[in-house]
file query.cif (mmCIF, C-alpha atoms)
data_input
#
loop_
_atom_site.label_atom_id
_atom_site.label_comp_id
_atom_site.auth_asym_id
_atom_site.auth_seq_id
_atom_site.Cartn_x
_atom_site.Cartn_y
_atom_site.Cartn_z
CA MET P 16 -10.33 -5.55 29.84
CA LYS P 17 -8.71 -8.15 27.60
CA THR P 18 -12.04 -8.86 25.89
CA SER P 19 -12.59 -5.15 25.18
CA LEU P 20 -9.07 -4.79 23.77
CA LEU P 21 -9.50 -7.82 21.52
CA LYS P 22 -12.89 -6.52 20.37
CA ASP P 23 -11.39 -3.17 19.37
CA PHE P 24 -8.51 -4.93 17.64
CA SER P 25 -10.88 -7.18 15.67
CA LYS P 26 -13.06 -4.25 14.65
CA TYR P 27 -10.30 -1.95 13.43
CA VAL P 28 -8.26 -4.65 11.72
CA SER P 29 -11.15 -6.43 9.97
CA LEU P 30 -12.65 -3.19 8.67
CA ASN P 31 -9.32 -1.87 7.46
CA VAL P 32 -8.25 -5.13 5.82
CA LEU P 33 -11.55 -5.20 3.91
CA GLY P 34 -11.03 -1.59 2.90
CA MET P 35 -7.44 -2.16 1.78
CA LEU P 36 -8.50 -5.20 -0.24
CA GLY P 37 -11.01 -2.97 -1.95
CA LEU P 38 -8.38 -0.31 -2.53
CA SER P 39 -5.95 -2.84 -4.02
CA CYS P 40 -8.57 -3.67 -6.64
CA TYR P 41 -7.78 -0.29 -8.26
CA ILE P 42 -4.84 -1.88 -10.00
CA LEU P 43 -6.09 -5.48 -10.14
CA ALA P 44 -9.11 -4.33 -12.15
CA ASP P 45 -6.80 -2.42 -14.50
CA THR P 46 -4.69 -5.56 -14.91
CA TYR P 47 -7.64 -7.79 -15.73
CA PHE P 48 -9.35 -5.43 -18.18
CA THR P 49 -6.07 -4.36 -19.80
CA SER P 50 -5.09 -7.99 -20.32
CA ALA P 51 -8.50 -8.85 -21.76
CA ARG P 52 -8.59 -5.80 -24.05
CA LEU P 53 -4.96 -5.13 -24.99
CA GLY P 54 -3.22 -8.50 -24.53
CA THR P 55 0.40 -9.11 -23.56
CA ASN P 56 1.70 -5.70 -24.72
CA GLY P 57 -0.95 -3.86 -22.72
CA LEU P 58 -0.18 -5.96 -19.65
CA ALA P 59 3.55 -5.25 -20.01
CA ALA P 60 2.92 -1.49 -20.41
CA LEU P 61 0.69 -1.42 -17.34
CA ASN P 62 3.21 -3.33 -15.24
CA ILE P 63 5.96 -0.89 -16.15
CA ALA P 64 3.79 2.16 -15.41
CA ILE P 65 2.30 0.86 -12.18
CA SER P 66 5.53 1.45 -10.26
CA ILE P 67 4.80 5.18 -10.38
CA TYR P 68 1.37 4.55 -8.86
CA SER P 69 3.22 2.86 -5.99
CA VAL P 70 5.25 6.06 -5.47
CA ILE P 71 2.08 8.19 -5.34
CA HIS P 72 0.33 5.73 -3.02
CA ALA P 73 3.41 5.56 -0.78
CA THR P 74 3.53 9.36 -0.51
CA GLY P 75 -0.14 9.42 0.45
CA LEU P 76 0.42 6.79 3.13
CA MET P 77 3.42 8.68 4.50
CA LEU P 78 1.37 11.85 4.85
CA GLY P 79 -1.81 10.15 6.06
CA ILE P 80 -0.28 7.75 8.58
CA GLY P 81 2.32 10.24 9.81
CA GLY P 82 -0.19 13.04 10.26
CA ALA P 83 -2.91 10.83 11.73
CA THR P 84 -0.48 9.29 14.24
CA LYS P 85 0.44 12.73 15.59
CA TYR P 86 -3.23 13.76 15.50
CA SER P 87 -4.32 10.72 17.50
CA ILE P 88 -1.61 11.22 20.13
CA PHE P 89 -2.54 14.89 20.59
CA GLN P 90 -6.25 14.06 20.83
CA SER P 91 -5.59 11.37 23.44
CA GLN P 92 -3.64 13.98 25.42
CA ASP P 93 -6.56 16.45 25.15
CA GLN P 94 -4.71 18.93 22.89
CA PRO P 95 -7.28 19.58 20.10
CA SER P 96 -5.62 22.76 18.88
CA GLN P 97 -2.33 20.95 18.28
CA ALA P 98 -4.24 18.11 16.60
CA ASN P 99 -5.91 20.55 14.18
CA ARG P 100 -2.56 22.16 13.36
CA ILE P 101 -1.27 18.71 12.37
CA PHE P 102 -4.33 18.08 10.18
CA THR P 103 -3.93 21.42 8.39
CA THR P 104 -0.19 20.87 7.89
CA THR P 105 -0.82 17.39 6.48
CA VAL P 106 -3.34 18.65 3.90
CA LEU P 107 -1.01 21.47 2.82
CA LEU P 108 1.81 18.97 2.33
CA GLY P 109 -0.55 16.76 0.32
CA LEU P 110 -1.39 19.63 -2.02
CA ALA P 111 2.29 20.50 -2.42
CA PHE P 112 3.34 16.95 -3.26
CA GLY P 113 0.31 16.53 -5.52
CA THR P 114 1.20 19.64 -7.52
CA ALA P 115 4.76 18.36 -7.99
CA PHE P 116 3.46 15.02 -9.33
CA VAL P 117 1.13 16.81 -11.78
CA LEU P 118 4.00 18.90 -13.17
CA ILE P 119 6.12 15.77 -13.59
CA GLY P 120 3.25 14.03 -15.38
CA ILE P 121 2.71 16.88 -17.82
CA THR P 122 6.37 17.40 -18.68
CA ALA P 123 8.16 14.07 -18.29
CA SER P 124 5.83 11.07 -18.75
CA SER P 125 7.48 9.82 -21.94
CA SER P 126 10.97 10.18 -20.49
CA ILE P 127 9.96 8.30 -17.33
CA ALA P 128 8.38 5.52 -19.42
CA TRP P 129 11.61 5.14 -21.37
CA LEU P 130 13.72 5.12 -18.20
CA LEU P 131 11.49 2.42 -16.74
CA GLY P 132 12.23 0.18 -19.71
CA ALA P 133 9.30 0.76 -22.08
CA ARG P 134 10.33 0.39 -25.71
CA GLY P 135 8.70 0.02 -29.10
CA THR P 136 4.95 -0.58 -29.12
CA ILE P 137 4.55 -0.35 -25.36
CA LEU P 138 6.30 3.04 -24.93
CA GLU P 139 3.29 5.15 -25.95
CA MET P 140 0.86 3.09 -23.86
CA THR P 141 3.09 3.35 -20.80
CA ALA P 142 3.49 7.12 -21.20
CA THR P 143 -0.28 7.60 -21.56
CA TYR P 144 -0.99 5.68 -18.36
CA LEU P 145 1.73 7.55 -16.48
CA LYS P 146 0.56 11.03 -17.53
CA THR P 147 -3.05 10.30 -16.57
CA ILE P 148 -2.22 8.79 -13.17
CA LEU P 149 0.21 11.58 -12.28
CA CYS P 150 -2.36 14.26 -13.14
CA PHE P 151 -4.75 12.67 -10.64
CA ALA P 152 -2.05 12.52 -7.94
CA PRO P 153 -3.56 15.28 -5.74
CA CYS P 154 -6.77 13.23 -5.52
CA PHE P 155 -4.89 10.07 -4.53
CA LEU P 156 -2.91 11.93 -1.86
CA LEU P 157 -5.87 13.77 -0.32
CA ASN P 158 -7.91 10.57 -0.29
CA GLN P 159 -5.17 8.76 1.66
CA ILE P 160 -4.95 11.67 4.12
CA PHE P 161 -8.71 11.82 4.75
CA LEU P 162 -8.91 8.03 5.06
CA ALA P 163 -6.24 8.05 7.77
CA PHE P 164 -7.78 10.94 9.71
CA VAL P 165 -11.32 9.55 9.52
CA ARG P 166 -10.02 6.18 10.74
CA ASN P 167 -8.21 7.86 13.64
CA ASP P 168 -11.33 9.90 14.41
CA HIS P 169 -13.21 6.78 15.59
CA ALA P 170 -14.82 6.07 12.20
CA PRO P 171 -13.08 2.95 10.81
CA ARG P 172 -16.33 1.71 9.22
CA LEU P 173 -16.73 4.87 7.13
CA ALA P 174 -13.06 4.66 6.07
CA MET P 175 -13.68 1.10 4.92
CA MET P 176 -16.78 2.18 2.97
CA GLY P 177 -14.81 4.94 1.26
CA MET P 178 -12.14 2.51 0.12
CA ILE P 179 -14.57 -0.16 -1.05
CA VAL P 180 -16.98 2.16 -2.89
CA GLY P 181 -14.05 3.85 -4.61
CA SER P 182 -12.70 0.49 -5.70
CA LEU P 183 -16.04 -0.82 -6.95
CA SER P 184 -16.56 2.35 -8.96
CA ASN P 185 -13.11 1.86 -10.49
CA ILE P 186 -14.04 -1.66 -11.62
CA ALA P 187 -17.30 -0.46 -13.19
CA LEU P 188 -15.61 2.49 -14.91
CA ASP P 189 -12.76 0.26 -16.14
CA TYR P 190 -15.26 -1.89 -18.00
CA LEU P 191 -17.20 1.12 -19.33
CA PHE P 192 -14.16 3.04 -20.58
CA MET P 193 -12.24 0.07 -22.05
CA PHE P 194 -15.02 -1.94 -23.68
CA PRO P 195 -18.17 0.02 -24.70
CA LEU P 196 -16.25 3.31 -25.06
CA ASN P 197 -13.02 1.70 -26.37
CA MET P 198 -10.72 4.24 -24.65
CA GLY P 199 -7.74 1.86 -24.42
CA ILE P 200 -5.15 2.17 -21.67
CA PHE P 201 -6.16 5.81 -21.11
CA GLY P 202 -9.57 4.51 -20.04
CA ALA P 203 -7.96 2.22 -17.46
CA ALA P 204 -5.93 5.09 -16.00
CA PHE P 205 -8.87 7.53 -16.10
CA ALA P 206 -11.10 5.07 -14.21
CA THR P 207 -8.41 4.63 -11.55
CA GLY P 208 -8.01 8.40 -11.24
CA LEU P 209 -11.74 8.97 -10.66
CA ALA P 210 -11.94 6.38 -7.87
CA PRO P 211 -10.33 8.49 -5.07
CA ILE P 212 -12.70 11.36 -5.88
CA ILE P 213 -15.67 9.05 -5.33
CA SER P 214 -14.03 7.75 -2.14
CA MET P 215 -13.67 11.31 -0.79
CA LEU P 216 -17.34 11.97 -1.47
CA ILE P 217 -18.17 9.01 0.77
CA LEU P 218 -15.77 10.25 3.48
CA SER P 219 -17.42 13.69 3.41
CA ARG P 220 -20.31 12.15 5.36
CA HIS P 221 -18.08 12.36 8.44
CA ARG P 222 -18.05 16.16 8.21
CA ILE P 223 -21.65 16.52 7.03
CA ALA P 224 -22.84 14.52 10.05
CA LYS P 225 -20.70 16.83 12.24
CA LYS P 226 -18.87 13.87 13.74
CA ASN P 227 -15.37 15.02 12.85
CA ARG P 228 -13.05 16.40 15.51
CA PHE P 229 -10.42 17.56 13.00
CA HIS P 230 -10.79 20.99 11.39
CA PHE P 231 -8.74 23.37 9.28
CA GLN P 232 -7.01 25.94 11.40
CA LYS P 233 -5.03 29.02 10.46
CA ILE P 234 -1.38 28.19 11.05
CA ASN P 235 2.12 29.50 10.57
CA PHE P 236 3.59 26.59 8.64
CA SER P 237 6.01 24.71 10.89
CA PHE P 238 8.84 22.78 9.27
CA SER P 239 9.42 20.94 12.55
CA ASN P 240 5.83 19.65 12.52
CA ALA P 241 6.18 18.70 8.85
CA VAL P 242 9.45 16.84 9.42
CA SER P 243 8.01 15.12 12.49
CA LEU P 244 4.93 13.76 10.75
CA LEU P 245 6.91 12.79 7.64
CA GLY P 246 9.31 10.91 9.92
CA LEU P 247 6.48 8.98 11.57
CA GLY P 248 5.05 8.17 8.14
CA SER P 249 8.40 7.26 6.58
CA SER P 250 8.11 3.55 7.38
CA SER P 251 4.71 3.43 5.66
CA PHE P 252 6.28 5.23 2.70
CA ILE P 253 9.14 2.76 2.45
CA ASN P 254 6.89 -0.27 2.95
CA GLU P 255 4.65 0.85 0.11
CA ILE P 256 7.29 2.27 -2.22
CA SER P 257 9.19 -0.99 -1.95
CA SER P 258 6.53 -2.37 -4.29
CA GLY P 259 7.46 0.31 -6.82
CA ILE P 260 11.19 -0.23 -6.34
CA VAL P 261 10.80 -3.99 -6.75
CA LEU P 262 8.65 -3.45 -9.86
CA ILE P 263 11.22 -1.19 -11.50
CA VAL P 264 14.24 -3.39 -10.70
CA PHE P 265 12.47 -6.65 -11.51
CA ASN P 266 11.07 -5.28 -14.79
CA LEU P 267 14.53 -4.22 -15.96
CA LEU P 268 16.10 -7.54 -14.94
CA ILE P 269 13.27 -9.62 -16.42
CA LEU P 270 13.37 -7.65 -19.68
CA GLN P 271 16.96 -8.85 -20.07
CA ALA P 272 16.18 -12.42 -19.04
CA ALA P 273 12.80 -13.07 -20.71
CA GLY P 274 11.69 -10.02 -22.73
CA ASN P 275 8.19 -8.51 -22.79
CA THR P 276 6.54 -11.87 -22.09
CA GLY P 277 8.58 -12.17 -18.91
CA VAL P 278 7.49 -8.66 -17.86
CA ALA P 279 3.86 -9.60 -18.55
CA ALA P 280 4.29 -12.74 -16.41
CA TYR P 281 5.74 -10.63 -13.64
CA GLY P 282 2.76 -8.31 -14.05
CA ILE P 283 0.49 -11.18 -13.00
CA VAL P 284 2.70 -12.04 -10.02
CA ALA P 285 3.16 -8.41 -8.95
CA ASN P 286 -0.49 -7.46 -9.13
CA LEU P 287 -1.59 -10.47 -7.10
CA ALA P 288 1.21 -9.62 -4.67
CA LEU P 289 -0.19 -6.09 -4.32
CA VAL P 290 -3.48 -7.61 -3.15
CA ALA P 291 -1.63 -9.81 -0.64
CA LEU P 292 0.39 -6.83 0.61
CA ALA P 293 -2.85 -4.89 1.03
CA ILE P 294 -3.96 -7.43 3.64
CA PHE P 295 -0.88 -6.88 5.81
CA THR P 296 -0.92 -3.13 5.22
CA GLY P 297 -4.55 -3.25 6.34
CA ILE P 298 -3.56 -4.94 9.59
CA ALA P 299 -0.84 -2.36 10.21
CA GLN P 300 -3.09 0.61 9.42
CA GLY P 301 -5.91 -0.92 11.46
CA VAL P 302 -3.86 -1.19 14.65
CA GLN P 303 -2.17 2.21 14.28
CA PRO P 304 -5.05 4.27 15.77
CA LEU P 305 -5.34 1.86 18.71
CA VAL P 306 -1.60 1.76 19.39
CA SER P 307 -1.16 5.55 19.07
CA ARG P 308 -4.14 6.17 21.37
CA LEU P 309 -2.84 3.75 24.01
CA TYR P 310 0.67 5.13 23.69
CA GLY P 311 -0.60 8.70 24.14
CA ARG P 312 -2.33 7.62 27.35
CA GLY P 313 0.77 5.81 28.61
CA GLU P 314 -0.89 2.36 28.47
CA SER P 315 2.12 0.56 27.00
CA GLN P 316 1.22 -2.95 28.17
CA LYS P 317 -2.05 -2.83 26.24
CA SER P 318 -0.25 -1.63 23.12
CA HIS P 319 2.14 -4.59 23.47
CA ALA P 320 -0.89 -6.90 23.53
CA ILE P 321 -2.15 -5.32 20.29
CA LEU P 322 1.26 -6.02 18.75
CA ARG P 323 1.11 -9.69 19.72
CA TYR P 324 -2.41 -10.06 18.30
CA SER P 325 -1.20 -8.46 15.05
CA ILE P 326 1.77 -10.79 14.68
CA LEU P 327 -0.36 -13.87 15.31
CA VAL P 328 -2.95 -12.81 12.74
CA SER P 329 -0.23 -11.92 10.20
CA LEU P 330 1.48 -15.30 10.51
CA SER P 331 -1.84 -17.16 10.18
CA LEU P 332 -2.89 -15.18 7.10
CA GLY P 333 0.55 -15.64 5.54
CA VAL P 334 0.16 -19.43 5.70
CA LEU P 335 -3.39 -19.29 4.30
CA LEU P 336 -2.32 -17.01 1.45
CA TYR P 337 0.50 -19.26 0.38
CA LEU P 338 -1.68 -22.38 0.47
CA ALA P 339 -4.34 -20.62 -1.63
CA VAL P 340 -1.79 -19.54 -4.25
CA PHE P 341 -0.10 -22.96 -4.29
CA PHE P 342 -3.31 -24.93 -4.88
CA PHE P 343 -4.91 -22.42 -7.28
CA THR P 344 -1.86 -21.28 -9.26
CA GLU P 345 -3.13 -22.38 -12.68
CA PRO P 346 -6.59 -20.75 -12.45
CA LEU P 347 -5.05 -17.52 -11.14
CA VAL P 348 -2.64 -17.34 -14.09
CA SER P 349 -5.35 -18.13 -16.63
CA ILE P 350 -7.47 -15.17 -15.49
CA PHE P 351 -4.83 -12.75 -16.82
CA ASN P 352 -3.60 -14.82 -19.78
CA SER P 353 -6.30 -13.87 -22.29
CA GLU P 354 -4.17 -14.98 -25.27
CA ASN P 355 -3.42 -18.40 -23.70
CA ASP P 356 0.31 -17.83 -24.19
CA PRO P 357 2.07 -21.00 -22.93
CA VAL P 358 5.37 -19.22 -22.24
CA LEU P 359 3.57 -16.56 -20.20
CA ALA P 360 1.68 -19.27 -18.31
CA ASP P 361 4.84 -21.24 -17.43
CA LEU P 362 6.74 -18.16 -16.25
CA ALA P 363 3.86 -16.86 -14.13
CA PHE P 364 3.18 -20.33 -12.66
CA GLU P 365 6.73 -20.66 -11.32
CA GLY P 366 6.81 -17.01 -10.28
CA LEU P 367 3.68 -17.22 -8.13
CA ARG P 368 4.75 -20.37 -6.29
CA VAL P 369 8.24 -19.11 -5.47
CA TYR P 370 7.53 -15.39 -4.96
CA PHE P 371 4.63 -15.95 -2.56
CA ILE P 372 6.83 -17.85 -0.10
CA GLY P 373 7.81 -14.35 1.04
CA PHE P 374 4.30 -13.76 2.38
CA LEU P 375 4.96 -16.23 5.15
CA PHE P 376 7.23 -13.54 6.65
CA VAL P 377 6.15 -10.16 5.29
CA GLY P 378 3.28 -9.52 7.71
CA VAL P 379 5.51 -9.62 10.79
CA SER P 380 7.88 -7.03 9.29
CA ILE P 381 5.12 -4.64 8.19
CA VAL P 382 3.27 -4.85 11.52
CA SER P 383 6.50 -4.42 13.51
CA SER P 384 7.49 -1.34 11.54
CA ALA P 385 4.02 0.18 11.90
CA TYR P 386 3.97 -0.48 15.67
CA LEU P 387 7.31 1.25 16.18
CA ALA P 388 6.17 4.28 14.16
CA ALA P 389 2.85 4.47 16.03
CA THR P 390 4.77 4.66 19.32
CA GLU P 391 7.02 7.48 18.06
CA ARG P 392 10.08 5.33 17.40
CA PRO P 393 10.74 6.26 13.76
CA LYS P 394 14.40 5.14 13.60
CA PRO P 395 13.96 1.37 14.20
CA SER P 396 10.74 1.53 12.18
CA PHE P 397 12.62 3.09 9.27
CA ALA P 398 15.44 0.54 9.63
CA ILE P 399 13.01 -2.36 9.12
CA SER P 400 11.36 -0.63 6.18
CA ILE P 401 14.56 0.36 4.38
CA VAL P 402 16.08 -3.11 4.71
CA ARG P 403 12.88 -4.70 3.46
CA GLY P 404 12.04 -2.19 0.76
CA ALA P 405 15.43 -1.37 -0.71
CA VAL P 406 18.66 -2.83 0.68
CA ALA P 407 17.92 -6.55 0.88
CA ILE P 408 15.67 -6.85 -2.17
CA LEU P 409 17.95 -4.86 -4.49
CA ILE P 410 21.11 -6.71 -3.53
CA LEU P 411 19.45 -10.11 -3.74
CA ALA P 412 17.62 -9.39 -7.03
CA VAL P 413 20.82 -8.36 -8.81
CA THR P 414 22.93 -11.13 -7.26
CA LEU P 415 20.50 -14.03 -7.70
CA SER P 416 19.49 -12.99 -11.23
CA SER P 417 23.15 -13.06 -12.28
CA LEU P 418 23.42 -16.60 -10.89
CA TRP P 419 20.12 -18.19 -11.98
CA GLY P 420 18.39 -15.75 -14.32
CA ILE P 421 14.65 -15.39 -13.89
CA HIS P 422 14.58 -18.24 -11.33
CA GLY P 423 16.89 -16.16 -9.14
CA ILE P 424 14.64 -13.11 -9.56
CA TRP P 425 11.65 -15.06 -8.19
CA LEU P 426 13.78 -16.16 -5.21
CA ALA P 427 14.90 -12.64 -4.34
CA PHE P 428 11.62 -11.56 -2.72
CA PRO P 429 11.24 -14.44 -0.21
CA SER P 430 14.95 -14.29 0.61
CA ALA P 431 14.74 -10.55 1.36
CA GLU P 432 11.63 -11.03 3.49
CA LEU P 433 13.33 -13.75 5.55
CA ILE P 434 16.26 -11.42 6.31
CA THR P 435 13.87 -8.59 7.22
CA VAL P 436 11.74 -10.66 9.57
CA LEU P 437 14.85 -11.66 11.54
CA LEU P 438 15.75 -7.96 11.92
CA SER P 439 12.14 -7.17 12.93
CA ILE P 440 12.15 -9.79 15.67
CA LEU P 441 15.36 -8.29 17.06
CA LEU P 442 13.92 -4.77 17.18
CA ILE P 443 10.49 -5.59 18.65
CA ARG P 444 11.60 -8.35 21.02
CA PRO P 445 11.55 -6.05 24.10
CA ALA P 446 7.94 -5.09 23.33
CA ILE P 447 6.55 -8.58 22.75
CA GLY P 448 8.38 -9.92 25.79
CA LYS P 449 6.30 -7.86 28.19
CA LYS P 450 3.03 -9.26 29.45
CA ALA P 451 -0.04 -7.21 28.60
CA CYS P 452 -2.31 -6.38 31.43
CA GLU P 453 -5.34 -8.59 31.60
#

call {"tool": "encode", "arguments": {"input": "query.cif", "output": "structure tokens"}}
result
Amino acid sequence: MKTSLLKDFSKYVSLNVLGMLGLSCYILADTYFTSARLGTNGLAALNIAISIYSVIHATGLMLGIGGATKYSIFQSQDQPSQANRIFTTTVLLGLAFGTAFVLIGITASSSIAWLLGARGTILEMTATYLKTILCFAPCFLLNQIFLAFVRNDHAPRLAMMGMIVGSLSNIALDYLFMFPLNMGIFGAAFATGLAPIISMLILSRHRIAKKNRFHFQKINFSFSNAVSLLGLGSSSFINEISSGIVLIVFNLLILQAAGNTGVAAYGIVANLALVALAIFTGIAQGVQPLVSRLYGRGESQKSHAILRYSILVSLSLGVLLYLAVFFFTEPLVSIFNSENDPVLADLAFEGLRVYFIGFLFVGVSIVSSAYLAATERPKPSFAISIVRGAVAILILAVTLSSLWGIHGIWLAFPSAELITVLLSILLIRPAIGKKACE
């Protein structure tokens, strides 16, 4: 029994981590090609605009994870009609949120760019990227929803393929649009916007092969169902949107402390951090179908075992990540420093080594929050996420930057993660204290 549980855990987590790493390359590819083509100003513009991508991605995760959690529980309880109602409700919510993002993109991109701190030469570039990404928001949201439902429908391998193929296409299109076609920062955003469409084409194989158990069903829209699934997905939303919140706050603080070069340096740190976060998000999303299924069947001891496996893997990967960044800091910085700016290099070097200390702790918090949501305990899950994503990081960023400038800003992230992991341990201690059945 233990061997079977560990096998399922290894399968779902490894496939989803690989897929999330592929998905994170959406923005990493933009960062590399924008830096190579447009230099420091392009990198600064991208880093300011990317916070809005985090909001879109967070909304997609909230809908996908929340809806898929309810779907998996209903399926495990042999209630297919209820499961299909949840699927239909989730897609309708995705279309509604997507339409709102499109309207914002068309009418307010320049204003948002200005509010986020873009000035002078980088204002127009930032606004262009924002408008393009926001107009593709329905595609991003629907892709996240279908990924979550396919994964919860016993097809984690196909979900991984969708994420990876979408990401690889983004990299190829980034190069094509920015270099041979010389489309500038619009090309970077356009390539990123096309990627989820390609991903959804891959995911459509699940329906074509008639393997899907989820179907559209005529429903009377239920606000209680909508609120319930949004509540279960709220921790995923906060965990992901914290990246956007941190980007916005840090960009504004760093602009004051070190100008556009400082923002460009933070762009290097932040985009590598997004890849690292994708690993831990991949673990959390990978275990969610297993935990929700076991919870729906009342097999709580097995779900506790999954939690312990997740924490152990997260801690191990956190150590490996930090060691990799510590020993390869200079080569990592040089990849994105196409102009060989020494000030940019020094700022990013310090930033990476200090900021990434936080990844020793972050996996435990993300996994703990996801576990609580997957077992229909949204309140403690939300508490972990809101402390991590907003309260601790905002207070510490403002306080430490006023004391030590940009050095304090780098310290804010690991300090916030340390506080959050202590809270996480308190909230999940009853679960990890129980012995899983062998």

call {"tool": "residues_around", "arguments": {"input": "query.cif", "residues": "stretch 436-444 of chain P", "least_positions_apart": "5", "cutoff": "10 Å", "atoms": "all atoms listed in the file", "output": "PyMOL selection string"}}
result
chain P and resi 319+322+375-384+386-387+395-396+398-400+402-403+431+449

call {"tool": "resolve_selection", "arguments": {"input": "query.cif", "expression": "the PyMOL selection byres ((chain P and resi 257) around 9)", "output": "PyMOL selection string"}}
result
chain P and resi 69-70+73+252-256+258-262+400-401+403-405+408

call {"tool": "atom_distance", "arguments": {"input": "query.cif", "atom1": "atom CA of P:Met77", "atom2": "atom CA of P:Gly246"}}
result
8.3 Å

call {"tool": "resolve_selection", "arguments": {"input": "query.cif", "expression": "the PyMOL selection byres ((chain P and resi 114) around 12)", "output": "ChimeraX atom specification"}}
result
/P:71,107-113,115-121,149-157

call {"tool": "closest_residue", "arguments": {"input": "query.cif", "among": "P:Ile350, P:Ile63, P:Ala291, P:Val406", "to": "P:Ser50", "atoms": "only C-alpha atoms"}}
result
P:Ile350

call {"tool": "residues_around", "arguments": {"input": "query.cif", "residues": "P:Gly277", "least_positions_apart": "2", "cutoff": "12 Å", "atoms": "all atoms listed in the file", "output": "JSON, numbers by chain"}}
result
{"P": [55, 56, 58, 59, 62, 63, 265, 266, 267, 268, 269, 270, 271, 272, 273, 274, 275, 279, 280, 281, 282, 283, 284, 285, 356, 357, 358, 359, 360, 361, 362, 363, 364, 365, 366, 420, 421, 422, 424, 425]}
